[in-house]
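Student: A single structure is presented below for examination.
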Amino acid sequence: MDVFRCSSGFNLTRPHRPYRIPLRQRIISVRSSYRLPFAEEKAKYYEHLQAAVDVVERACRLCVDVKKSLFSGDGNIIKKIDQTPVTIADFGVQALVSLEMSKHFPSIPLVAEEDSAFLRENNLVDAVVKVVTGKLTIRDKEISEDDILKAIDRGGKDASLFGPKPATYWILDPIDGTRGFVKGGEALYVVGLALVVEGEIVLGVMGCPNWQDEHSDSVTTEVPRDENTVSRSGILMISHVGCGTWRKSLWDAQTRNSEMVHNWTRCLVDGLHQVCEARICIPESITWDSLPLSTQFNATIDADHVGENQILLLPTCCGRMSSSFVCLLYSLCKYLMVASGRASVFILRTRSERIIKVWDHAVGVICIHEAGGKITDWKGSQLDFAADQVERRVLLPSGGILATNDSLHNEILEIISSS
């Protein structure tokens with residue numbers, strides 16, 4: 001399988017020094033409750049992945065705590081300039097990940113979604129300090145409001161300027177699916193973290209707190225009750241270049257049963273070979289009729305009655321069949337579905353009024369590739385995460401993004417090109 005690569009890259013001008021010293025010479029020892037499902041000698045970025053798994057699990061706990069407060073009336077929800085909702089969980093996750101990763105890997109910059117300006121304007125800094133403090137492994141000093149603001153801005157716009165050379169940096173989506181997060185119920189949301197090294201996405205971790213395990217296709221809002229209770233809710237998905245994609249229960253770390261803590265399952269994309277049999281995910285913001293596949297297939301969400309010339313949209317992760325159908329799954333959740341074999345295809349169309357951001361796709365890309373799938377733009381070219389040479393924040397795919405189980409990829413590209 002071809003390794004997913006970014007075509008151009010890295011030259012930090014501020015505030016981080018250019019990345020020159022090999023990764024293993026700059027890391028601080030990582031302590032993690034998770035044993036990874038492959039040997040350290042087989043994974044060049046083993047310690048980076050350990051740290052990423054640990055911080056994503058902590059971030060998911062933070063999200064669960066904040067979500068409880070939202071629905072008890074104590075939470076804060078505001079809207080950004082683009083009218084998307086944001087909570088103290090978004091800022092808290094970004095601060096937490098930034099603080100932990102900068103402790104372990106101080107030379108590696110962070111590209112992330114949020115900016116502390118919203119916290120300052122809405123007087124939420126103290127609330128974020130409170131939710132972050134209990135999740136940190138940093139014990140040598142008390143975390144201040146200034147520490148939190150700086151940590152968030154370390155990943156914000158203009159924090160790092162890149163040039164045309166291959167780059168090394170983390171990409172974080174604090175919460176993919178904040179709209180679903182604030183709605184509660186069955187709406188899935190994901191914390192996603194990926195590492196790019198010299199222009200190549202080398203590892204990724206996704207945590208979805210309310211995903212139901214492989215024994216059920218449903219989702220749930222179940223969360224752990226106490227430190228010794230094991231919940232069947234939640235998933236951690238990890239990927240390392242050359243080592244595959246793996247998953248486990250997000251909350252297994254809460255049990256003292258070491259066998260469960262290390263109980264990883266290998267993820268593989270599904271084995272479907274015909275487009276008419278595929279299980280499709282599309283974005284919540286579009287209708288089926290706006291996609292090229294609609295020229296050959298009608299869509300249904302009834303898995304038991306898929307008729308001739310119909311194709312199945314998964315009911316928990318489809319876009320709109322009509323203006324009244326509301327989606328409950330967001331970009332990274334759809335990548336998670338394809339990588340885990342529950343969906344065959346995720347297709348997204350570019351729109352002039354919406355910018356495609358790297359954090360909505362980076363971790364999903366490596367998880368699908370390492371699970372045996374394929375991701376390109378609509379012309380069949382690999383996604384270029386260095387297309388934005390200055391800040392590495394924007395993707396510019398031609399036509400849109402197509403993620404599949406690989407077997408269906410070329411046929412769908414042909415349908416797209418002929419439409």
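By order of appearance in the structure tokens: chains A, B, ..., then residues from 1 within every chain, and ligands from 1 in the order shown.
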Applying 10 Å and only C-alpha atoms, which residues near Leu96 (chain A) remain after dropping the ones on its own chain fewer than 3 positions away? List them as a PyMOL selection string.

Tutor: chain A and resi 55-56+58-59+62+91-93+99-102+128-129+131-133+135-137+148+151-152+174

Student: List as a PDB file with N, CA, C and O atoms, in the first residue's frame the protein and nucleic acid residues near region 200-211 of chain A, meaning an atom at most 7 Å away when only C-alpha atoms are counted, but skip any in the same chain fewer than 4 places from it.

Tutor:
ATOM      1  N   PHE A   4       0.711   7.418   2.658  1.00  0.00           N
ATOM      2  CA  PHE A   4       0.112   8.715   2.368  1.00  0.00           C
ATOM      3  C   PHE A   4       1.134   9.813   2.629  1.00  0.00           C
ATOM      4  O   PHE A   4       1.720   9.894   3.697  1.00  0.00           O
ATOM      5  N   ARG A   5       1.331  10.674   1.647  1.00  0.00           N
ATOM      6  CA  ARG A   5       2.341  11.717   1.768  1.00  0.00           C
ATOM      7  C   ARG A   5       1.793  13.087   1.407  1.00  0.00           C
ATOM      8  O   ARG A   5       0.838  13.209   0.665  1.00  0.00           O
ATOM      9  N   CYS A   6       2.445  14.100   1.989  1.00  0.00           N
ATOM     10  CA  CYS A   6       2.184  15.471   1.610  1.00  0.00           C
ATOM     11  C   CYS A   6       3.305  15.894   0.673  1.00  0.00           C
ATOM     12  O   CYS A   6       4.466  15.572   0.897  1.00  0.00           O
ATOM     13  N   LEU A  49       3.072   7.725  19.415  1.00  0.00           N
ATOM     14  CA  LEU A  49       1.728   7.172  19.389  1.00  0.00           C
ATOM     15  C   LEU A  49       1.227   6.891  20.802  1.00  0.00           C
ATOM     16  O   LEU A  49       0.054   7.140  21.115  1.00  0.00           O
ATOM     17  N   ALA A  52       0.102  10.113  22.163  1.00  0.00           N
ATOM     18  CA  ALA A  52      -1.121  10.558  21.500  1.00  0.00           C
ATOM     19  C   ALA A  52      -2.334   9.786  22.012  1.00  0.00           C
ATOM     20  O   ALA A  52      -3.404  10.364  22.244  1.00  0.00           O
ATOM     21  N   VAL A  53      -2.189   8.477  22.188  1.00  0.00           N
ATOM     22  CA  VAL A  53      -3.285   7.665  22.704  1.00  0.00           C
ATOM     23  C   VAL A  53      -3.667   8.129  24.101  1.00  0.00           C
ATOM     24  O   VAL A  53      -4.850   8.302  24.434  1.00  0.00           O
ATOM     25  N   VAL A  56      -5.423  11.636  23.984  1.00  0.00           N
ATOM     26  CA  VAL A  56      -6.764  11.582  23.388  1.00  0.00           C
ATOM     27  C   VAL A  56      -7.743  10.932  24.360  1.00  0.00           C
ATOM     28  O   VAL A  56      -8.894  11.376  24.490  1.00  0.00           O
ATOM     29  N   GLU A  57      -7.299   9.899  25.068  1.00  0.00           N
ATOM     30  CA  GLU A  57      -8.173   9.283  26.069  1.00  0.00           C
ATOM     31  C   GLU A  57      -8.521  10.287  27.166  1.00  0.00           C
ATOM     32  O   GLU A  57      -9.686  10.396  27.586  1.00  0.00           O
ATOM     33  N   CYS A  60     -11.037  12.749  25.823  1.00  0.00           N
ATOM     34  CA  CYS A  60     -12.393  12.203  25.763  1.00  0.00           C
ATOM     35  C   CYS A  60     -13.060  12.250  27.137  1.00  0.00           C
ATOM     36  O   CYS A  60     -14.267  12.521  27.242  1.00  0.00           O
ATOM     37  N   LEU A 188     -22.783  11.506  17.299  1.00  0.00           N
ATOM     38  CA  LEU A 188     -21.411  11.132  17.584  1.00  0.00           C
ATOM     39  C   LEU A 188     -20.474  12.324  17.450  1.00  0.00           C
ATOM     40  O   LEU A 188     -20.717  13.238  16.671  1.00  0.00           O
ATOM     41  N   TYR A 189     -19.391  12.294  18.203  1.00  0.00           N
ATOM     42  CA  TYR A 189     -18.343  13.304  18.065  1.00  0.00           C
ATOM     43  C   TYR A 189     -17.002  12.626  18.314  1.00  0.00           C
ATOM     44  O   TYR A 189     -16.917  11.589  18.967  1.00  0.00           O
ATOM     45  N   VAL A 190     -15.932  13.214  17.776  1.00  0.00           N
ATOM     46  CA  VAL A 190     -14.610  12.587  17.787  1.00  0.00           C
ATOM     47  C   VAL A 190     -13.539  13.591  18.166  1.00  0.00           C
ATOM     48  O   VAL A 190     -13.577  14.754  17.733  1.00  0.00           O
ATOM     49  N   VAL A 191     -12.579  13.157  18.965  1.00  0.00           N
ATOM     50  CA  VAL A 191     -11.324  13.879  19.176  1.00  0.00           C
ATOM     51  C   VAL A 191     -10.292  13.223  18.268  1.00  0.00           C
ATOM     52  O   VAL A 191     -10.101  12.003  18.318  1.00  0.00           O
ATOM     53  N   GLY A 192      -9.654  14.013  17.404  1.00  0.00           N
ATOM     54  CA  GLY A 192      -8.722  13.445  16.431  1.00  0.00           C
ATOM     55  C   GLY A 192      -7.360  14.104  16.460  1.00  0.00           C
ATOM     56  O   GLY A 192      -7.258  15.326  16.463  1.00  0.00           O
ATOM     57  N   LEU A 193      -6.296  13.282  16.480  1.00  0.00           N
ATOM     58  CA  LEU A 193      -4.923  13.783  16.530  1.00  0.00           C
ATOM     59  C   LEU A 193      -4.050  12.984  15.570  1.00  0.00           C
ATOM     60  O   LEU A 193      -4.082  11.748  15.581  1.00  0.00           O
ATOM     61  N   ALA A 194      -3.296  13.676  14.729  1.00  0.00           N
ATOM     62  CA  ALA A 194      -2.398  13.024  13.773  1.00  0.00           C
ATOM     63  C   ALA A 194      -1.030  13.679  13.834  1.00  0.00           C
ATOM     64  O   ALA A 194      -0.896  14.847  14.209  1.00  0.00           O
ATOM     65  N   LEU A 195      -0.003  12.920  13.452  1.00  0.00           N
ATOM     66  CA  LEU A 195       1.358  13.446  13.388  1.00  0.00           C
ATOM     67  C   LEU A 195       1.867  13.368  11.960  1.00  0.00           C
ATOM     68  O   LEU A 195       1.836  12.312  11.329  1.00  0.00           O
ATOM     69  N   VAL A 196       2.330  14.501  11.467  1.00  0.00           N
ATOM     70  CA  VAL A 196       2.988  14.579  10.166  1.00  0.00           C
ATOM     71  C   VAL A 196       4.483  14.723  10.418  1.00  0.00           C
ATOM     72  O   VAL A 196       4.904  15.605  11.180  1.00  0.00           O
ATOM     73  N   VAL A 219     -25.419   3.490  18.534  1.00  0.00           N
ATOM     74  CA  VAL A 219     -24.572   4.353  19.343  1.00  0.00           C
ATOM     75  C   VAL A 219     -25.282   4.591  20.655  1.00  0.00           C
ATOM     76  O   VAL A 219     -26.471   4.346  20.810  1.00  0.00           O
ATOM     77  N   THR A 220     -24.549   5.083  21.624  1.00  0.00           N
ATOM     78  CA  THR A 220     -25.126   5.251  22.946  1.00  0.00           C
ATOM     79  C   THR A 220     -24.508   6.431  23.642  1.00  0.00           C
ATOM     80  O   THR A 220     -23.414   6.864  23.317  1.00  0.00           O
ATOM     81  N   THR A 221     -25.225   6.951  24.634  1.00  0.00           N
ATOM     82  CA  THR A 221     -24.693   8.052  25.434  1.00  0.00           C
ATOM     83  C   THR A 221     -24.141   7.539  26.751  1.00  0.00           C
ATOM     84  O   THR A 221     -23.814   8.305  27.640  1.00  0.00           O
ATOM     85  N   GLU A 222     -24.018   6.237  26.884  1.00  0.00           N
ATOM     86  CA  GLU A 222     -23.510   5.640  28.114  1.00  0.00           C
ATOM     87  C   GLU A 222     -22.090   6.119  28.381  1.00  0.00           C
ATOM     88  O   GLU A 222     -21.261   6.176  27.493  1.00  0.00           O
ATOM     89  N   SER A 233     -19.337   1.502  25.943  1.00  0.00           N
ATOM     90  CA  SER A 233     -19.441   2.658  25.077  1.00  0.00           C
ATOM     91  C   SER A 233     -18.070   3.240  24.796  1.00  0.00           C
ATOM     92  O   SER A 233     -17.174   3.206  25.618  1.00  0.00           O
ATOM     93  N   GLY A 234     -17.912   3.795  23.612  1.00  0.00           N
ATOM     94  CA  GLY A 234     -16.691   4.518  23.284  1.00  0.00           C
ATOM     95  C   GLY A 234     -15.689   3.669  22.527  1.00  0.00           C
ATOM     96  O   GLY A 234     -15.614   2.453  22.704  1.00  0.00           O
ATOM     97  N   ILE A 235     -14.914   4.326  21.651  1.00  0.00           N
ATOM     98  CA  ILE A 235     -13.909   3.625  20.862  1.00  0.00           C
ATOM     99  C   ILE A 235     -12.657   4.474  20.749  1.00  0.00           C
ATOM    100  O   ILE A 235     -12.719   5.706  20.668  1.00  0.00           O
ATOM    101  N   LEU A 236     -11.524   3.825  20.810  1.00  0.00           N
ATOM    102  CA  LEU A 236     -10.232   4.415  20.455  1.00  0.00           C
ATOM    103  C   LEU A 236      -9.756   3.719  19.195  1.00  0.00           C
ATOM    104  O   LEU A 236      -9.701   2.489  19.154  1.00  0.00           O
ATOM    105  N   MET A 237      -9.438   4.492  18.178  1.00  0.00           N
ATOM    106  CA  MET A 237      -8.871   3.936  16.957  1.00  0.00           C
ATOM    107  C   MET A 237      -7.491   4.538  16.760  1.00  0.00           C
ATOM    108  O   MET A 237      -7.316   5.758  16.859  1.00  0.00           O
ATOM    109  N   ILE A 238      -6.495   3.680  16.503  1.00  0.00           N
ATOM    110  CA  ILE A 238      -5.134   4.150  16.315  1.00  0.00           C
ATOM    111  C   ILE A 238      -4.568   3.618  15.004  1.00  0.00           C
ATOM    112  O   ILE A 238      -5.006   2.577  14.508  1.00  0.00           O
ATOM    113  N   SER A 239      -3.607   4.334  14.474  1.00  0.00           N
ATOM    114  CA  SER A 239      -2.951   3.896  13.246  1.00  0.00           C
ATOM    115  C   SER A 239      -1.507   4.367  13.264  1.00  0.00           C
ATOM    116  O   SER A 239      -1.206   5.469  13.725  1.00  0.00           O
ATOM    117  N   HIS A 240      -0.624   3.511  12.777  1.00  0.00           N
ATOM    118  CA  HIS A 240       0.793   3.853  12.642  1.00  0.00           C
ATOM    119  C   HIS A 240       1.244   3.351  11.282  1.00  0.00           C
ATOM    120  O   HIS A 240       0.917   2.239  10.872  1.00  0.00           O
ATOM    121  N   VAL A 241       1.986   4.169  10.561  1.00  0.00           N
ATOM    122  CA  VAL A 241       2.402   3.795   9.218  1.00  0.00           C
ATOM    123  C   VAL A 241       3.131   2.448   9.243  1.00  0.00           C
ATOM    124  O   VAL A 241       4.049   2.214  10.028  1.00  0.00           O
ATOM    125  N   LEU A 250     -12.808   2.546  24.419  1.00  0.00           N
ATOM    126  CA  LEU A 250     -12.203   3.752  24.982  1.00  0.00           C
ATOM    127  C   LEU A 250     -12.081   3.669  26.489  1.00  0.00           C
ATOM    128  O   LEU A 250     -11.139   4.184  27.084  1.00  0.00           O
ATOM    129  N   VAL A 363      -6.356  12.673  10.441  1.00  0.00           N
ATOM    130  CA  VAL A 363      -6.284  11.404  11.168  1.00  0.00           C
ATOM    131  C   VAL A 363      -7.119  10.332  10.477  1.00  0.00           C
ATOM    132  O   VAL A 363      -6.751   9.147  10.461  1.00  0.00           O
ATOM    133  N   ILE A 366      -5.023   8.474   7.485  1.00  0.00           N
ATOM    134  CA  ILE A 366      -4.088   7.386   7.785  1.00  0.00           C
ATOM    135  C   ILE A 366      -4.817   6.173   8.346  1.00  0.00           C
ATOM    136  O   ILE A 366      -4.442   5.028   8.064  1.00  0.00           O
ATOM    137  N   CYS A 367      -5.903   6.386   9.085  1.00  0.00           N
ATOM    138  CA  CYS A 367      -6.649   5.238   9.617  1.00  0.00           C
ATOM    139  C   CYS A 367      -7.246   4.405   8.489  1.00  0.00           C
ATOM    140  O   CYS A 367      -7.214   3.169   8.533  1.00  0.00           O
TER     141      CYS A 367
END

Student: Taking only region 235-294 of chain A into account, list the residues labelled strand (DSSP E) by DSSP (computed from the backbone), as a list in words.

Tutor: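 Taking region 235-294 of chain A and keeping strand (DSSP E) gives Ile235, Leu236, Met237, Ile238, Ser239, His240, Gly244, Thr245, Trp246, Arg247, Lys248, Ser249, Thr265, Arg266, Cys267, Arg279, Ile280 and Cys281 of chain A.
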
Student: Identify all residues of region 123-174 of chain A in alpha helix (DSSP H) (DSSP on the backbone) and supply them as a PyMOL selection string.

Tutor: chain A and resi 125-133+145-153
